[in-house]
file upload_6.cif (mmCIF, C-alpha atoms)
data_structure
#
loop_
_atom_site.label_atom_id
_atom_site.label_comp_id
_atom_site.auth_asym_id
_atom_site.auth_seq_id
_atom_site.Cartn_x
_atom_site.Cartn_y
_atom_site.Cartn_z
CA MET D 1 -8.64 -22.08 27.98
CA ILE D 2 -10.99 -20.63 30.62
CA ASP D 3 -9.83 -20.93 34.23
CA ILE D 4 -12.17 -20.13 37.10
CA LYS D 5 -10.38 -20.03 40.43
CA GLY D 6 -11.91 -19.35 43.84
CA VAL D 7 -14.75 -17.28 42.41
CA SER D 8 -17.55 -16.08 44.68
CA LYS D 9 -20.45 -13.70 44.05
CA SER D 10 -23.19 -12.36 46.31
CA PHE D 11 -26.17 -10.10 45.69
CA ASP D 12 -27.71 -8.21 48.62
CA GLY D 13 -25.77 -10.37 51.04
CA GLN D 14 -27.01 -13.60 49.46
CA ALA D 15 -24.26 -15.87 48.10
CA VAL D 16 -24.98 -16.98 44.52
CA ILE D 17 -21.58 -18.47 43.63
CA ASN D 18 -19.46 -20.02 46.39
CA HIS D 19 -15.69 -20.51 45.98
CA PHE D 20 -16.10 -21.89 42.48
CA ASP D 21 -13.26 -23.65 40.63
CA LEU D 22 -13.50 -24.94 37.06
CA THR D 23 -11.35 -25.27 33.93
CA ILE D 24 -13.01 -25.28 30.51
CA GLU D 25 -10.86 -26.80 27.79
CA ARG D 26 -10.37 -25.41 24.30
CA GLY D 27 -12.81 -26.84 21.76
CA GLU D 28 -15.19 -28.46 24.23
CA ILE D 29 -18.91 -27.92 24.67
CA HIS D 30 -19.24 -27.43 28.41
CA VAL D 31 -22.73 -27.38 29.91
CA LEU D 32 -23.57 -25.62 33.17
CA LEU D 33 -26.51 -27.62 34.47
CA GLY D 34 -28.72 -26.97 37.46
CA ALA D 35 -32.09 -25.87 38.78
CA SER D 36 -33.26 -22.25 38.78
CA GLY D 37 -31.25 -20.23 41.30
CA SER D 38 -28.24 -22.54 41.24
CA GLY D 39 -25.96 -19.77 39.91
CA LYS D 40 -25.63 -20.90 36.28
CA THR D 41 -26.43 -17.59 34.60
CA THR D 42 -24.44 -15.55 37.11
CA LEU D 43 -21.41 -17.72 36.42
CA LEU D 44 -21.91 -17.39 32.64
CA ARG D 45 -22.16 -13.60 32.95
CA MET D 46 -18.92 -13.55 34.94
CA ILE D 47 -17.20 -15.63 32.26
CA GLY D 48 -18.40 -13.07 29.72
CA GLY D 49 -17.12 -10.17 31.80
CA LEU D 50 -20.64 -8.78 32.27
CA THR D 51 -20.59 -9.34 36.04
CA GLU D 52 -17.47 -9.03 38.17
CA PRO D 53 -16.76 -11.62 40.88
CA ASP D 54 -16.44 -10.50 44.49
CA THR D 55 -13.46 -12.78 45.01
CA GLY D 56 -11.35 -15.03 42.82
CA GLU D 57 -10.41 -14.70 39.17
CA ILE D 58 -11.64 -15.83 35.76
CA SER D 59 -8.93 -15.89 33.13
CA LEU D 60 -8.94 -16.42 29.39
CA GLN D 61 -5.67 -17.86 28.11
CA GLY D 62 -3.98 -16.54 31.24
CA SER D 63 -5.46 -13.00 31.12
CA ASN D 64 -7.97 -11.83 33.72
CA ILE D 65 -11.23 -11.34 31.82
CA ASN D 66 -12.21 -8.30 33.87
CA LEU D 67 -8.98 -6.54 32.95
CA LEU D 68 -9.59 -6.93 29.21
CA GLU D 69 -11.19 -4.04 27.35
CA ALA D 70 -14.77 -4.63 26.20
CA ARG D 71 -13.68 -4.62 22.55
CA GLU D 72 -11.12 -7.34 23.21
CA ARG D 73 -13.65 -9.45 25.14
CA THR D 74 -16.19 -9.25 22.33
CA THR D 75 -13.50 -10.25 19.84
CA HIS D 76 -12.91 -13.45 21.77
CA MET D 77 -16.47 -14.17 22.94
CA ALA D 78 -20.09 -14.09 21.78
CA TYR D 79 -22.95 -14.07 24.31
CA ILE D 80 -26.30 -15.43 23.10
CA THR D 81 -29.38 -15.17 25.32
CA GLN D 82 -32.66 -17.05 25.52
CA GLU D 83 -34.62 -14.49 23.49
CA GLY D 84 -31.73 -13.71 21.16
CA GLY D 85 -31.56 -10.01 22.05
CA LEU D 86 -32.40 -8.87 18.52
CA PHE D 87 -33.09 -5.18 17.88
CA PRO D 88 -36.76 -4.94 16.83
CA HIS D 89 -36.21 -1.93 14.53
CA LEU D 90 -33.56 -3.73 12.46
CA CYS D 91 -34.18 -6.47 9.91
CA ALA D 92 -32.51 -9.83 10.44
CA GLU D 93 -29.58 -9.04 8.14
CA ASP D 94 -28.86 -5.72 9.84
CA ASN D 95 -29.04 -7.42 13.24
CA ILE D 96 -26.51 -10.01 12.12
CA LEU D 97 -24.13 -7.55 10.48
CA LEU D 98 -24.23 -4.93 13.24
CA PRO D 99 -21.09 -6.18 15.10
CA ALA D 100 -19.15 -6.32 11.81
CA LYS D 101 -20.25 -2.82 10.80
CA VAL D 102 -19.19 -1.43 14.18
CA ARG D 103 -15.74 -2.94 13.56
CA GLY D 104 -15.62 -1.55 10.04
CA LEU D 105 -14.92 -4.93 8.45
CA ASP D 106 -14.78 -5.50 4.69
CA LYS D 107 -18.33 -5.59 3.30
CA LEU D 108 -17.69 -8.18 0.58
CA GLN D 109 -15.98 -10.56 2.98
CA ILE D 110 -18.77 -10.21 5.53
CA GLN D 111 -21.47 -10.81 2.90
CA LYS D 112 -19.78 -14.07 1.93
CA LYS D 113 -19.66 -15.05 5.59
CA LEU D 114 -23.33 -14.15 5.98
CA SER D 115 -24.31 -16.57 3.22
CA LYS D 116 -22.16 -19.33 4.70
CA LEU D 117 -23.64 -18.90 8.17
CA ALA D 118 -27.20 -18.87 6.80
CA MET D 119 -26.49 -22.22 5.14
CA MET D 120 -24.97 -23.61 8.34
CA VAL D 121 -27.97 -22.69 10.51
CA ASP D 122 -30.46 -23.69 7.79
CA LEU D 123 -32.00 -20.24 7.38
CA ASP D 124 -33.29 -19.29 3.95
CA LEU D 125 -31.75 -16.03 2.74
CA SER D 126 -35.21 -14.58 2.11
CA PHE D 127 -35.75 -14.37 5.89
CA LEU D 128 -32.85 -11.92 6.23
CA GLU D 129 -35.13 -9.11 4.99
CA LYS D 130 -37.69 -9.73 7.73
CA PHE D 131 -37.90 -8.01 11.11
CA PRO D 132 -37.76 -9.99 14.37
CA HIS D 133 -41.54 -9.84 14.93
CA GLU D 134 -42.03 -11.47 11.52
CA LEU D 135 -39.85 -14.47 12.42
CA SER D 136 -40.68 -17.59 14.40
CA GLY D 137 -38.87 -18.34 17.65
CA GLY D 138 -36.59 -20.82 15.91
CA GLN D 139 -35.78 -18.35 13.14
CA ARG D 140 -34.96 -15.62 15.67
CA GLN D 141 -32.58 -17.96 17.46
CA ARG D 142 -30.88 -18.80 14.16
CA VAL D 143 -30.45 -15.10 13.43
CA SER D 144 -29.07 -14.54 16.93
CA LEU D 145 -26.63 -17.40 16.44
CA MET D 146 -25.47 -15.94 13.11
CA ARG D 147 -24.91 -12.56 14.77
CA GLY D 148 -22.89 -14.25 17.50
CA LEU D 149 -20.70 -16.06 14.98
CA ILE D 150 -20.22 -13.25 12.43
CA LEU D 151 -16.96 -12.08 14.07
CA ASP D 152 -15.72 -15.67 14.37
CA PRO D 153 -15.23 -15.65 18.16
CA GLU D 154 -13.21 -18.37 19.86
CA ILE D 155 -15.78 -18.79 22.64
CA VAL D 156 -19.58 -18.89 22.46
CA LEU D 157 -21.61 -18.37 25.64
CA LEU D 158 -25.23 -19.55 25.51
CA ASP D 159 -27.78 -18.75 28.21
CA GLU D 160 -30.64 -21.26 27.79
CA PRO D 161 -30.98 -20.31 24.11
CA LEU D 162 -33.52 -23.02 23.26
CA SER D 163 -35.73 -23.16 26.34
CA ALA D 164 -38.56 -21.05 24.86
CA LEU D 165 -38.88 -23.17 21.70
CA ASP D 166 -41.31 -25.99 21.03
CA PRO D 167 -39.85 -29.53 21.27
CA ILE D 168 -39.57 -30.20 17.52
CA VAL D 169 -37.81 -26.91 16.73
CA ARG D 170 -35.66 -27.32 19.83
CA ALA D 171 -34.50 -30.79 18.80
CA SER D 172 -33.66 -29.54 15.30
CA LEU D 173 -31.62 -26.62 16.65
CA GLN D 174 -29.81 -28.86 19.12
CA ARG D 175 -28.56 -31.01 16.24
CA GLU D 176 -27.54 -27.94 14.26
CA LEU D 177 -25.75 -26.34 17.21
CA ARG D 178 -23.64 -29.40 17.93
CA SER D 179 -22.72 -29.78 14.26
CA ILE D 180 -21.86 -26.08 13.86
CA PHE D 181 -19.71 -25.83 16.98
CA LYS D 182 -17.76 -28.96 16.15
CA GLU D 183 -17.26 -27.91 12.52
CA LEU D 184 -16.07 -24.43 13.53
CA ASP D 185 -14.02 -25.79 16.48
CA LYS D 186 -15.59 -23.40 18.98
CA THR D 187 -15.26 -23.50 22.75
CA VAL D 188 -18.82 -23.38 24.05
CA VAL D 189 -20.21 -22.74 27.52
CA MET D 190 -23.95 -23.34 27.70
CA VAL D 191 -26.45 -22.90 30.51
CA THR D 192 -29.46 -25.19 30.74
CA HIS D 193 -31.69 -26.83 33.33
CA ASP D 194 -32.63 -29.64 30.91
CA ILE D 195 -30.66 -32.84 31.50
CA GLN D 196 -31.52 -34.32 28.09
CA GLU D 197 -30.24 -31.20 26.34
CA ALA D 198 -27.09 -31.32 28.47
CA ALA D 199 -26.57 -34.99 27.65
CA PHE D 200 -26.96 -34.43 23.91
CA LEU D 201 -24.82 -31.30 23.58
CA GLY D 202 -22.26 -31.48 26.36
CA ASP D 203 -18.80 -33.00 26.09
CA ARG D 204 -18.62 -32.31 29.82
CA ILE D 205 -21.28 -31.21 32.27
CA THR D 206 -20.89 -29.26 35.49
CA LEU D 207 -23.87 -29.77 37.79
CA LEU D 208 -24.37 -26.84 40.18
CA ASN D 209 -26.33 -26.63 43.39
CA GLU D 210 -26.55 -23.46 45.49
CA GLY D 211 -23.61 -21.93 43.67
CA ARG D 212 -21.24 -24.84 44.13
CA VAL D 213 -19.87 -27.54 41.85
CA VAL D 214 -21.51 -30.86 42.66
CA GLN D 215 -19.85 -32.86 39.87
CA THR D 216 -18.05 -32.23 36.58
CA SER D 217 -17.95 -35.13 34.14
CA SER D 218 -19.44 -36.59 30.99
CA PHE D 219 -23.16 -37.33 31.17
CA LYS D 220 -22.44 -41.05 31.14
CA GLU D 221 -20.20 -40.67 34.19
CA LEU D 222 -22.73 -38.39 35.86
CA TYR D 223 -25.48 -40.96 35.30
CA HIS D 224 -23.60 -44.12 36.23
CA ASN D 225 -21.22 -42.77 38.91
CA PRO D 226 -22.86 -39.90 40.80
CA LEU D 227 -20.48 -38.47 43.40
CA ASP D 228 -23.15 -36.86 45.55
CA PRO D 229 -26.76 -37.78 46.48
CA PHE D 230 -27.90 -34.53 44.84
CA VAL D 231 -26.78 -35.85 41.43
CA HIS D 232 -29.08 -38.86 41.72
CA GLU D 233 -31.91 -36.65 42.99
CA PHE D 234 -31.54 -34.15 40.12
CA LEU D 235 -31.37 -36.85 37.45
CA ARG D 236 -34.29 -38.82 38.88
CA ALA D 237 -36.45 -35.68 38.81
CA GLN D 238 -35.97 -35.38 35.02
CA ILE D 239 -35.47 -39.01 33.99
CA PRO D 240 -38.30 -40.96 35.64
CA MET D 241 -37.58 -44.15 33.76
CA GLU D 242 -34.39 -46.08 33.08
CA ILE D 243 -32.57 -45.12 29.90
CA SER D 244 -30.02 -47.13 27.99
CA LEU D 245 -26.59 -45.59 27.43
#
call {"tool": "encode", "arguments": {"input": "upload_6.cif", "output": "structure tokens"}}
result
Amino acid sequence: MIDIKGVSKSFDGQAVINHFDLTIERGEIHVLLGASGSGKTTLLRMIGGLTEPDTGEISLQGSNINLLEARERTTHMAYITQEGGLFPHLCAEDNILLPAKVRGLDKLQIQKKLSKLAMMVDLDLSFLEKFPHELSGGQRQRVSLMRGLILDPEIVLLDEPLSALDPIVRASLQRELRSIFKELDKTVVMVTHDIQEAAFLGDRITLLNEGRVVQTSSFKELYHNPLDPFVHEFLRAQIPMEISL
């Protein structure tokens, strides 16, 4: 569904992504895993058409993403950031419905969808009247997720959306995210530096180091059959004790 071929990107002469090749299949949750500075977010932004590669091409169903109009890209894709990107002067409901209002979609249909999404992300409807500063971190992320899904995009891009949350809320949202994306049959590309989050959510994981693909596989394959010494080093740094798979 998403094909990345020979993509490179530099900033101020410093290479961030180096001759990157990757195919992301329809309906999979694909995790981009790596340490800070490995190029994860830059790659995600290029997939979303927010940053243009210096060389190479990223295509969506055979069409170069950078040649698509912004409206067409946002129809196909939702981009959800760590802080959610909510507008502080709008209540939760208005934040969620903003993309639909811009498109002029049917109000009754969108209201029904709003209620369904609130149920899916386990957000009480009473919170829709509140402003972002009145919501907890977990509630803001649920609102951001609802806004991302309101137009029913085929692809959801997530840039470390749970990293700022406490462990209990984070674990709860991880379970909800996996259930939602599988139920809605979404193609998901998610950035994280957390190996346990990657293992739980990812159908496949691409481990990056210095802007290059180190290994793409399931977590089980990554753990049991590392193809590069860096894989073992990265996993050992986060998993100090043996785990049973």
call {"tool": "atom_distance", "arguments": {"input": "upload_6.cif", "atom1": "CA of Tyr79 in chain D", "atom2": "CA of Val156 in chain D"}}
result
6.2 Å
call {"tool": "closest_residue", "arguments": {"input": "upload_6.cif", "among": "D:Arg204, D:Lys182, D:Lys220, D:His19", "to": "Val7 in chain D", "atoms": "all atoms listed in the file"}}
result
D:His19
call {"tool": "closest_residue", "arguments": {"input": "upload_6.cif", "among": "D:Leu123, D:Val231, D:Leu151, D:Ile65", "to": "Val102 in chain D", "atoms": "all atoms listed in the file"}}
result
D:Leu151
call {"tool": "closest_residue", "arguments": {"input": "upload_6.cif", "among": "D:Leu68, D:Ile4, D:Leu44, D:Ile168", "to": "Val191 in chain D", "atoms": "all atoms listed in the file"}}
result
D:Leu44
call {"tool": "resolve_selection", "arguments": {"input": "upload_6.cif", "expression": "the PyMOL selection byres ((chain D and resi 170) around 12)", "output": "number ranges by chain"}}
result
D: 137-139, 141-142, 160-169, 171-177, 194, 196-197, 200
call {"tool": "residues_around", "arguments": {"input": "upload_6.cif", "residues": "Lys186 in chain D", "least_positions_apart": "4", "cutoff": "10 Å", "atoms": "only C-alpha atoms", "output": "PyMOL selection string"}}
result
chain D and resi 26-29+149+152-156+180-182
call {"tool": "resolve_selection", "arguments": {"input": "upload_6.cif", "expression": "the PyMOL selection byres ((chain D and resi 117) around 12)", "output": "compact mmCIF listing (two decimals) with C-alpha atoms, in the coordinates of the input"}}
result
# COMPACT_ATOMS: atom_id res chain seq x y z
CA GLU D 93 -29.58 -9.04 8.14
CA ILE D 96 -26.51 -10.01 12.12
CA LEU D 97 -24.13 -7.55 10.48
CA ILE D 110 -18.77 -10.21 5.53
CA GLN D 111 -21.47 -10.81 2.90
CA LYS D 112 -19.78 -14.07 1.93
CA LYS D 113 -19.66 -15.05 5.59
CA LEU D 114 -23.33 -14.15 5.98
CA SER D 115 -24.31 -16.57 3.22
CA LYS D 116 -22.16 -19.33 4.70
CA ALA D 118 -27.20 -18.87 6.80
CA MET D 119 -26.49 -22.22 5.14
CA MET D 120 -24.97 -23.61 8.34
CA VAL D 121 -27.97 -22.69 10.51
CA ASP D 122 -30.46 -23.69 7.79
CA LEU D 123 -32.00 -20.24 7.38
CA ASP D 124 -33.29 -19.29 3.95
CA LEU D 125 -31.75 -16.03 2.74
CA LEU D 128 -32.85 -11.92 6.23
CA ARG D 142 -30.88 -18.80 14.16
CA VAL D 143 -30.45 -15.10 13.43
CA SER D 144 -29.07 -14.54 16.93
CA LEU D 145 -26.63 -17.40 16.44
CA MET D 146 -25.47 -15.94 13.11
CA ARG D 147 -24.91 -12.56 14.77
CA GLY D 148 -22.89 -14.25 17.50
CA LEU D 149 -20.70 -16.06 14.98
CA ILE D 150 -20.22 -13.25 12.43
CA LEU D 151 -16.96 -12.08 14.07
CA ASP D 152 -15.72 -15.67 14.37
CA GLU D 176 -27.54 -27.94 14.26
CA LEU D 177 -25.75 -26.34 17.21
CA ILE D 180 -21.86 -26.08 13.86
CA PHE D 181 -19.71 -25.83 16.98
CA GLU D 183 -17.26 -27.91 12.52
CA LEU D 184 -16.07 -24.43 13.53
call {"tool": "resolve_selection", "arguments": {"input": "upload_6.cif", "expression": "the PyMOL selection byres ((chain D and resi 54) around 9)", "output": "list in words"}}
result
Val7, Ser8, Lys9, Ser10, Glu52, Pro53, Thr55 and Gly56 of chain D
call {"tool": "residues_around", "arguments": {"input": "upload_6.cif", "residues": "range 87-91 of chain D", "least_positions_apart": "6", "cutoff": "10 Å", "atoms": "all atoms listed in the file", "output": "MDAnalysis selection string"}}
result
chainID D and resid 98 127:134
call {"tool": "write_last_selection", "arguments": {"input": "upload_6.cif", "atoms": "C-alpha atoms", "output": "tab-separated table (two decimals), in the coordinates of the input"}}
result
chain	number	residue	atom	x	y	z
D	98	LEU	CA	-24.23	-4.93	13.24
D	127	PHE	CA	-35.75	-14.37	5.89
D	128	LEU	CA	-32.85	-11.92	6.23
D	129	GLU	CA	-35.13	-9.11	4.99
D	130	LYS	CA	-37.69	-9.73	7.73
D	131	PHE	CA	-37.90	-8.01	11.11
D	132	PRO	CA	-37.76	-9.99	14.37
D	133	HIS	CA	-41.54	-9.84	14.93
D	134	GLU	CA	-42.03	-11.47	11.52
call {"tool": "residues_around", "arguments": {"input": "upload_6.cif", "residues": "Thr23 in chain D", "least_positions_apart": "4", "cutoff": "8 Å", "atoms": "only C-alpha atoms", "output": "short mmCIF file (atom, residue, chain, number, x, y, z; two decimals) with C-alpha atoms, in the frame of the given file"}}
result
data_model
loop_
_atom_site.label_atom_id
_atom_site.label_comp_id
_atom_site.auth_asym_id
_atom_site.auth_seq_id
_atom_site.Cartn_x
_atom_site.Cartn_y
_atom_site.Cartn_z
CA MET D 1 -8.64 -22.08 27.98
CA ILE D 2 -10.99 -20.63 30.62
CA ASP D 3 -9.83 -20.93 34.23
CA ILE D 4 -12.17 -20.13 37.10
#
call {"tool": "atom_distance", "arguments": {"input": "upload_6.cif", "atom1": "CA of Asp21 in chain D", "atom2": "CA of Lys5 in chain D"}}
result
4.6 Å
call {"tool": "atom_distance", "arguments": {"input": "upload_6.cif", "atom1": "CA of Ala237 in chain D", "atom2": "CA of Ala15 in chain D"}}
result
25.0 Å
call {"tool": "closest_residue", "arguments": {"input": "upload_6.cif", "among": "D:Thr81, D:Thr206, D:Leu50, D:Leu86", "to": "Leu22 in chain D", "atoms": "only C-alpha atoms"}}
result
D:Thr206
